Amino acid sequence: MQTHKLYIDGQYVESTGNETIDVINPATEEVISNTPKGTEEDVEKAVQAALKAQKEWEQTPAIKRGMAVRYMGDKIEEKRDTFIELLQQEQGKDYELASGEVDLAIDYFRYMSEWARRIEGEIVPSDRPNENILIYKKPIGVVAGIVPWNFPVFILARKVATALVTGCSIVLKPSQQTPNTAAEFTKIIDSMELPSGLYNYITGTGGTIGHALASHENVHMISMTGSVGAGTKVMEAAAQNITKVNLELGGKAPAIVTANADIETAVENIKISRLANNGQACTNAERVYVHESLKDQFVNRLKEEFQNQSIDAPLKNQQADVGPLISEDRLQEVDEMVQNALKEGANLITGGKRKENTSGFFYEPTILTNVKQDMEIIQEEIFGPVIPVMTFSTIDEAIELGNDTDYGLSSSVYTQDLSEAMRVVNELKFGETYVNRENFEAVQGYHQGMRKSGLGGADGKHGMEDFLVTQVVYMDYNTNKK
């Protein structure tokens, strides 16, 4: 069993504390590694190292920063099989999604490296003679990157690649449940000739490490992906120093299936959007609104698809469609939501229970009907392989139901009517809307939520610019002044 160390100021070090955290394989319930339970003193050392390194790194030509980021992606590709296996082992992804996540991380490092030569300012006209107004884009400084357990490789790439290419340093905190892939990535950093302290890796709990980073006066941005509750705590801590926060939080994505939808397209893509990562993604379809004329046909086809999903340990069976939830706590929370819905009158179409006679945290793909808009199962994020289905009679009603949520990250609509699609897109209040396809973003897009789903965003030009600050220079060149 592997025991990890922290990585601070270019060196592997022991934590100043003496506690560790066990990392558990959710498919077998076995302890597979342990990692230090870092302390506030560890955070202080890492932030000071990052602060020093950032001053050197921002003076490094952008093209060299881009080349370093590109190299990181290339090295992940060399160790692709290792990352896939670690990801399956610590997070429980099926092989197809695990390999897809690693490939997306590789692509993200390469894509973001290309922005090194594209960080641009502006020159705008002045109201005065003999004066130029110059707008510079500069790195924000030290970034705290807080990575969740559900996509630990890709979201690491989102934070590390973007921070480094823009001239920032980073202190990375992986989830205590999935630190093994981040530890493997740290080996790549350690093999490179980079300023000591440019990248730091600290493991531990959110309550200690996350809070210490978010409240630190020398951290200039907190980029955090996680729950609304965790995001709220980060904002409260960051408020002490008016530190910028970039938060991607929960979701409650509606999928609207109109009377003009192609049923097979809707069923296939909603299945993917609900069951991807075993239902543990903030962009997963969380609730379906299907036109009343299609309800029976849609539910029957979705039931067939859900019942045809194979459930197994990903490392044992690479053909498995659905793996485990991340923990026993997560499984119990999902089951409690399902049981509450049934007590309130929902109908169980399929699933509705833990997979029997096996170890691991497996929950059967579940469909519920006869649910109401005010039920917990419709209003709160499930984060498991469970989909509630409601009906509607008019597009007005579908849009109103879809927007009736505290969240605003992802949404989708299924229709063959272009005018209908455009109307729904224009009136839904979500950062992302997918039309006739599964819910998953592209690296060149912009992944952003509204309302309680977060602040700021990631990916593409706009995600990169979140790591920059603006300096305006008023340059008077009237040299004849006396």
# chains A, B, ... in the order shown; residues from 1 in each chain; ligands from 1

call {"tool": "closest_atom_pairs", "arguments": {"of": "region 181-234 of chain A", "to": "region 245-266 of chain A", "cutoff": "9 Å", "atoms": "only C-alpha atoms", "output": "JSON lines"}}
result
{"residue": "A:Ala214", "atom": "CA", "partner": "A:Val245", "partner_atom": "CA", "distance": 8.7}
{"residue": "A:His220", "atom": "CA", "partner": "A:Val245", "partner_atom": "CA", "distance": 8.8}
{"residue": "A:Met221", "atom": "CA", "partner": "A:Val245", "partner_atom": "CA", "distance": 5.6}
{"residue": "A:Ile222", "atom": "CA", "partner": "A:Val245", "partner_atom": "CA", "distance": 4.9}
{"residue": "A:Ser223", "atom": "CA", "partner": "A:Asn246", "partner_atom": "CA", "distance": 4.6}
{"residue": "A:Met224", "atom": "CA", "partner": "A:Leu247", "partner_atom": "CA", "distance": 5.1}
{"residue": "A:Thr225", "atom": "CA", "partner": "A:Glu248", "partner_atom": "CA", "distance": 4.7}
{"residue": "A:Gly226", "atom": "CA", "partner": "A:Leu249", "partner_atom": "CA", "distance": 5.0}
{"residue": "A:Ser227", "atom": "CA", "partner": "A:Leu249", "partner_atom": "CA", "distance": 5.0}
{"residue": "A:Val228", "atom": "CA", "partner": "A:Leu249", "partner_atom": "CA", "distance": 5.3}
{"residue": "A:Gly229", "atom": "CA", "partner": "A:Leu249", "partner_atom": "CA", "distance": 8.7}
{"residue": "A:Ala230", "atom": "CA", "partner": "A:Leu249", "partner_atom": "CA", "distance": 8.4}
{"residue": "A:Gly231", "atom": "CA", "partner": "A:Leu247", "partner_atom": "CA", "distance": 6.6}
{"residue": "A:Val234", "atom": "CA", "partner": "A:Val245", "partner_atom": "CA", "distance": 8.0}

call {"tool": "write_last_selection", "arguments": {"atoms": "C-alpha atoms", "output": "compact mmCIF listing (two decimals), in the first residue's frame"}}
result
# COMPACT_ATOMS: atom_id res chain seq x y z
CA ALA A 214 -9.23 30.41 1.12
CA HIS A 220 -4.98 35.76 -4.84
CA MET A 221 -7.63 33.44 -6.30
CA ILE A 222 -9.40 30.31 -5.10
CA SER A 223 -10.47 28.03 -7.95
CA MET A 224 -12.72 25.46 -6.36
CA THR A 225 -14.97 22.74 -7.78
CA GLY A 226 -17.35 21.08 -5.35
CA SER A 227 -20.63 21.32 -3.51
CA VAL A 228 -22.67 24.44 -2.79
CA GLY A 229 -21.99 23.99 0.91
CA ALA A 230 -18.24 23.84 0.40
CA GLY A 231 -18.38 26.79 -2.00
CA VAL A 234 -14.83 29.13 0.66

call {"tool": "residues_around", "arguments": {"residues": "region 32-49 of chain A", "least_positions_apart": "4", "cutoff": "8 Å", "atoms": "only C-alpha atoms", "output": "MDAnalysis selection string"}}
result
chainID A and resid 1:6 8:9 14:25 53 90 142 171 176 179:180 196:198 200 202:205 208:209 212:213 218:219

call {"tool": "closest_residue", "arguments": {"among": "A:Lys372, A:Ser169, A:Glu193, A:Asn478", "to": "Ala50 (chain A)", "atoms": "only C-alpha atoms"}}
result
A:Ser169

call {"tool": "closest_residue", "arguments": {"among": "A:Gln318, A:Thr415, A:Gln11, A:Asn277", "to": "Gly384 (chain A)", "atoms": "only C-alpha atoms"}}
result
A:Asn277

call {"tool": "residues_around", "arguments": {"residues": "region 64-77 of chain A", "least_positions_apart": "2", "cutoff": "8 Å", "atoms": "only C-alpha atoms", "output": "PyMOL selection string"}}
result
chain A and resi 60-62+79-80+83+102-103+105-110+112-116+161+164-167+185+188-189

call {"tool": "decode", "arguments": {"residues": "region 352-368 of chain A", "atoms": "all heavy atoms", "output": "CSV table (one decimal), in the first residue's frame"}}
result
chain,number,residue,atom,x,y,z
A,352,GLY,N,-33.9,1.3,-7.6
A,352,GLY,CA,-34.3,1.7,-6.3
A,352,GLY,C,-33.7,1.0,-5.1
A,352,GLY,O,-34.2,1.1,-4.0
A,353,LYS,N,-32.5,0.4,-5.4
A,353,LYS,CA,-31.8,-0.2,-4.2
A,353,LYS,C,-30.4,-0.5,-4.5
A,353,LYS,O,-29.9,-0.4,-5.7
A,353,LYS,CB,-32.5,-1.6,-3.9
A,353,LYS,CG,-32.4,-2.6,-5.0
A,353,LYS,CD,-33.1,-3.9,-4.5
A,353,LYS,CE,-32.9,-5.1,-5.5
A,353,LYS,NZ,-33.4,-4.8,-6.9
A,354,ARG,N,-29.6,-0.8,-3.5
A,354,ARG,CA,-28.2,-1.1,-3.6
A,354,ARG,C,-28.1,-2.5,-4.3
A,354,ARG,O,-29.0,-3.3,-4.2
A,354,ARG,CB,-27.7,-1.2,-2.2
A,354,ARG,CG,-26.2,-1.6,-2.1
A,354,ARG,CD,-25.7,-1.6,-0.7
A,354,ARG,NE,-24.3,-1.5,-0.6
A,354,ARG,CZ,-23.6,-1.1,0.5
A,354,ARG,NH1,-24.3,-0.6,1.5
A,354,ARG,NH2,-22.3,-1.0,0.5
A,355,LYS,N,-27.0,-2.6,-5.1
A,355,LYS,CA,-26.8,-3.9,-5.7
A,355,LYS,C,-26.5,-5.0,-4.6
A,355,LYS,O,-25.7,-4.8,-3.8
A,355,LYS,CB,-25.6,-3.8,-6.7
A,355,LYS,CG,-25.4,-5.1,-7.4
A,355,LYS,CD,-24.2,-5.1,-8.4
A,355,LYS,CE,-24.0,-6.4,-9.1
A,355,LYS,NZ,-22.7,-6.4,-9.9
A,356,GLU,N,-27.2,-6.1,-4.7
A,356,GLU,CA,-27.2,-7.1,-3.7
A,356,GLU,C,-26.0,-8.0,-3.9
A,356,GLU,O,-25.5,-8.2,-5.0
A,356,GLU,CB,-28.5,-7.8,-3.6
A,356,GLU,CG,-29.7,-6.9,-3.3
A,356,GLU,CD,-31.0,-7.7,-3.4
A,356,GLU,OE1,-31.0,-8.8,-4.0
A,356,GLU,OE2,-32.0,-7.1,-2.9
A,357,ASN,N,-25.6,-8.7,-2.8
A,357,ASN,CA,-24.6,-9.8,-2.8
A,357,ASN,C,-23.3,-9.4,-3.4
A,357,ASN,O,-22.7,-10.2,-4.1
A,357,ASN,CB,-25.2,-11.0,-3.5
A,357,ASN,CG,-26.5,-11.5,-2.9
A,357,ASN,OD1,-26.7,-11.5,-1.7
A,357,ASN,ND2,-27.5,-11.8,-3.8
A,358,THR,N,-22.8,-8.2,-3.1
A,358,THR,CA,-21.5,-7.8,-3.6
A,358,THR,C,-21.0,-6.7,-2.7
A,358,THR,O,-21.7,-6.0,-2.0
A,358,THR,CB,-21.7,-7.2,-5.0
A,358,THR,OG1,-20.4,-6.9,-5.5
A,358,THR,CG2,-22.5,-5.9,-5.0
A,359,SER,N,-19.6,-6.6,-2.6
A,359,SER,CA,-19.0,-5.5,-1.9
A,359,SER,C,-19.0,-4.3,-2.8
A,359,SER,O,-19.3,-4.4,-4.0
A,359,SER,CB,-17.6,-5.9,-1.5
A,359,SER,OG,-16.8,-6.2,-2.7
A,360,GLY,N,-18.6,-3.2,-2.2
A,360,GLY,CA,-18.6,-2.0,-3.0
A,360,GLY,C,-19.9,-1.2,-2.9
A,360,GLY,O,-20.9,-1.7,-2.4
A,361,PHE,N,-19.9,0.1,-3.3
A,361,PHE,CA,-21.0,1.0,-3.1
A,361,PHE,C,-21.8,1.2,-4.4
A,361,PHE,O,-21.9,2.3,-4.9
A,361,PHE,CB,-20.4,2.4,-2.6
A,361,PHE,CG,-19.4,2.2,-1.5
A,361,PHE,CD1,-18.1,2.7,-1.7
A,361,PHE,CD2,-19.7,1.6,-0.4
A,361,PHE,CE1,-17.2,2.6,-0.7
A,361,PHE,CE2,-18.8,1.4,0.7
A,361,PHE,CZ,-17.5,2.0,0.5
A,362,PHE,N,-22.4,0.1,-4.9
A,362,PHE,CA,-23.1,0.0,-6.1
A,362,PHE,C,-24.6,0.3,-5.9
A,362,PHE,O,-25.2,-0.3,-5.0
A,362,PHE,CB,-22.9,-1.3,-6.8
A,362,PHE,CG,-21.5,-1.6,-7.2
A,362,PHE,CD1,-20.7,-2.3,-6.3
A,362,PHE,CD2,-21.0,-1.2,-8.4
A,362,PHE,CE1,-19.4,-2.6,-6.7
A,362,PHE,CE2,-19.7,-1.5,-8.8
A,362,PHE,CZ,-18.9,-2.2,-7.9
A,363,TYR,N,-25.2,1.2,-6.7
A,363,TYR,CA,-26.6,1.5,-6.6
A,363,TYR,C,-27.2,1.3,-8.0
A,363,TYR,O,-26.6,1.7,-9.0
A,363,TYR,CB,-26.9,2.9,-6.2
A,363,TYR,CG,-28.3,3.1,-5.6
A,363,TYR,CD1,-28.6,2.7,-4.3
A,363,TYR,CD2,-29.3,3.6,-6.4
A,363,TYR,CE1,-29.8,2.9,-3.8
A,363,TYR,CE2,-30.6,3.8,-5.9
A,363,TYR,CZ,-30.8,3.4,-4.6
A,363,TYR,OH,-32.1,3.5,-4.1
A,364,GLU,N,-28.3,0.6,-8.1
A,364,GLU,CA,-28.9,0.2,-9.4
A,364,GLU,C,-29.4,1.5,-10.1
A,364,GLU,O,-30.0,2.4,-9.4
A,364,GLU,CB,-30.1,-0.7,-9.2
A,364,GLU,CG,-29.7,-2.1,-8.6
A,364,GLU,CD,-30.9,-3.0,-8.4
A,364,GLU,OE1,-32.0,-2.5,-8.6
A,364,GLU,OE2,-30.7,-4.2,-8.2
A,365,PRO,N,-29.3,1.6,-11.4
A,365,PRO,CA,-29.9,2.7,-12.2
A,365,PRO,C,-31.4,2.7,-11.9
A,365,PRO,O,-32.1,1.7,-12.0
A,365,PRO,CB,-29.6,2.3,-13.6
A,365,PRO,CG,-28.3,1.5,-13.5
A,365,PRO,CD,-28.4,0.7,-12.3
A,366,THR,N,-31.9,3.9,-11.6
A,366,THR,CA,-33.3,4.0,-11.0
A,366,THR,C,-34.1,5.1,-11.8
A,366,THR,O,-33.6,6.2,-12.0
A,366,THR,CB,-33.2,4.4,-9.5
A,366,THR,OG1,-32.5,3.3,-8.8
A,366,THR,CG2,-34.6,4.6,-8.9
A,367,ILE,N,-35.3,4.7,-12.1
A,367,ILE,CA,-36.3,5.7,-12.7
A,367,ILE,C,-37.5,5.8,-11.8
A,367,ILE,O,-38.0,4.8,-11.3
A,367,ILE,CB,-36.7,5.2,-14.1
A,367,ILE,CG1,-35.5,5.0,-15.0
A,367,ILE,CG2,-37.7,6.2,-14.7
A,367,ILE,CD1,-35.9,4.4,-16.3
A,368,LEU,N,-37.9,7.1,-11.5
A,368,LEU,CA,-39.1,7.4,-10.7
A,368,LEU,C,-40.0,8.2,-11.5
A,368,LEU,O,-39.6,9.1,-12.3
A,368,LEU,CB,-38.7,8.2,-9.5
A,368,LEU,CG,-37.7,7.5,-8.5
A,368,LEU,CD1,-37.3,8.5,-7.4
A,368,LEU,CD2,-38.4,6.3,-7.8
